[in-house]
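Participant: What follows is a single structure, and I will ask about it in a moment.
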Amino acid sequence: MDISKAEQRVLHLLAQGGCIRVDKDEDGRIINQETVTRDGWYWGGCSLRLFRKLKYKRLIASKNSGPYRITPLGLKRVRSQLDNR
């Protein structure tokens with residue numbers, strides 16, 4: 001499975017300890033998401049479409065209604081690079 005550059009960027013951020021927080025409506029559908037780095041900064045590079053793509057590929061997951069984090073499969077798929085470049 002090949003992943004795009006945008007997916008790689010998000011997965012690198014999550015692999016370093018970041019997370020994706022979501023807001024849901026009354027029906028349980030995701031209406032908004034925020035990507036947070038390990039330092040607590042908000043990062044705007046992950047769109048809702050990209051989030052759904054990562055979730056569909058099972059590269060990210062949520063446990064006990066918590067924030068979304070990278071899965072072991074996601075760690076396996078992401079390519080390690082020096083300083084995320």
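Identifiers for the structure tokens are assigned positionally: chains receive A, B, ... in sequence, residues are indexed from 1 per chain, and ligands are indexed from 1 in the order shown.
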Mind checking which residues fall within 10 Å of region 28-39 of chain A, counting only C-alpha atoms, ignoring those fewer than 5 positions away in the same chain, and posting them as number ranges by chain?
Facilitator: A: 10, 13-23, 44-48, 51-52, 67-68
Participant: Using only C-alpha atoms, find the one residue out of A:Asp25, A:His12, A:Arg79, A:Trp41 that sits nearest to Ile60 (chain A).
Facilitator: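 Closest candidate: A:His12.
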Participant: Give me, as a PyMOL selection string, the residues of chain A that a backbone DSSP run labels helix (DSSP H, G or I).
Facilitator: chain A and resi 5-15+48-56+72-77+82-84
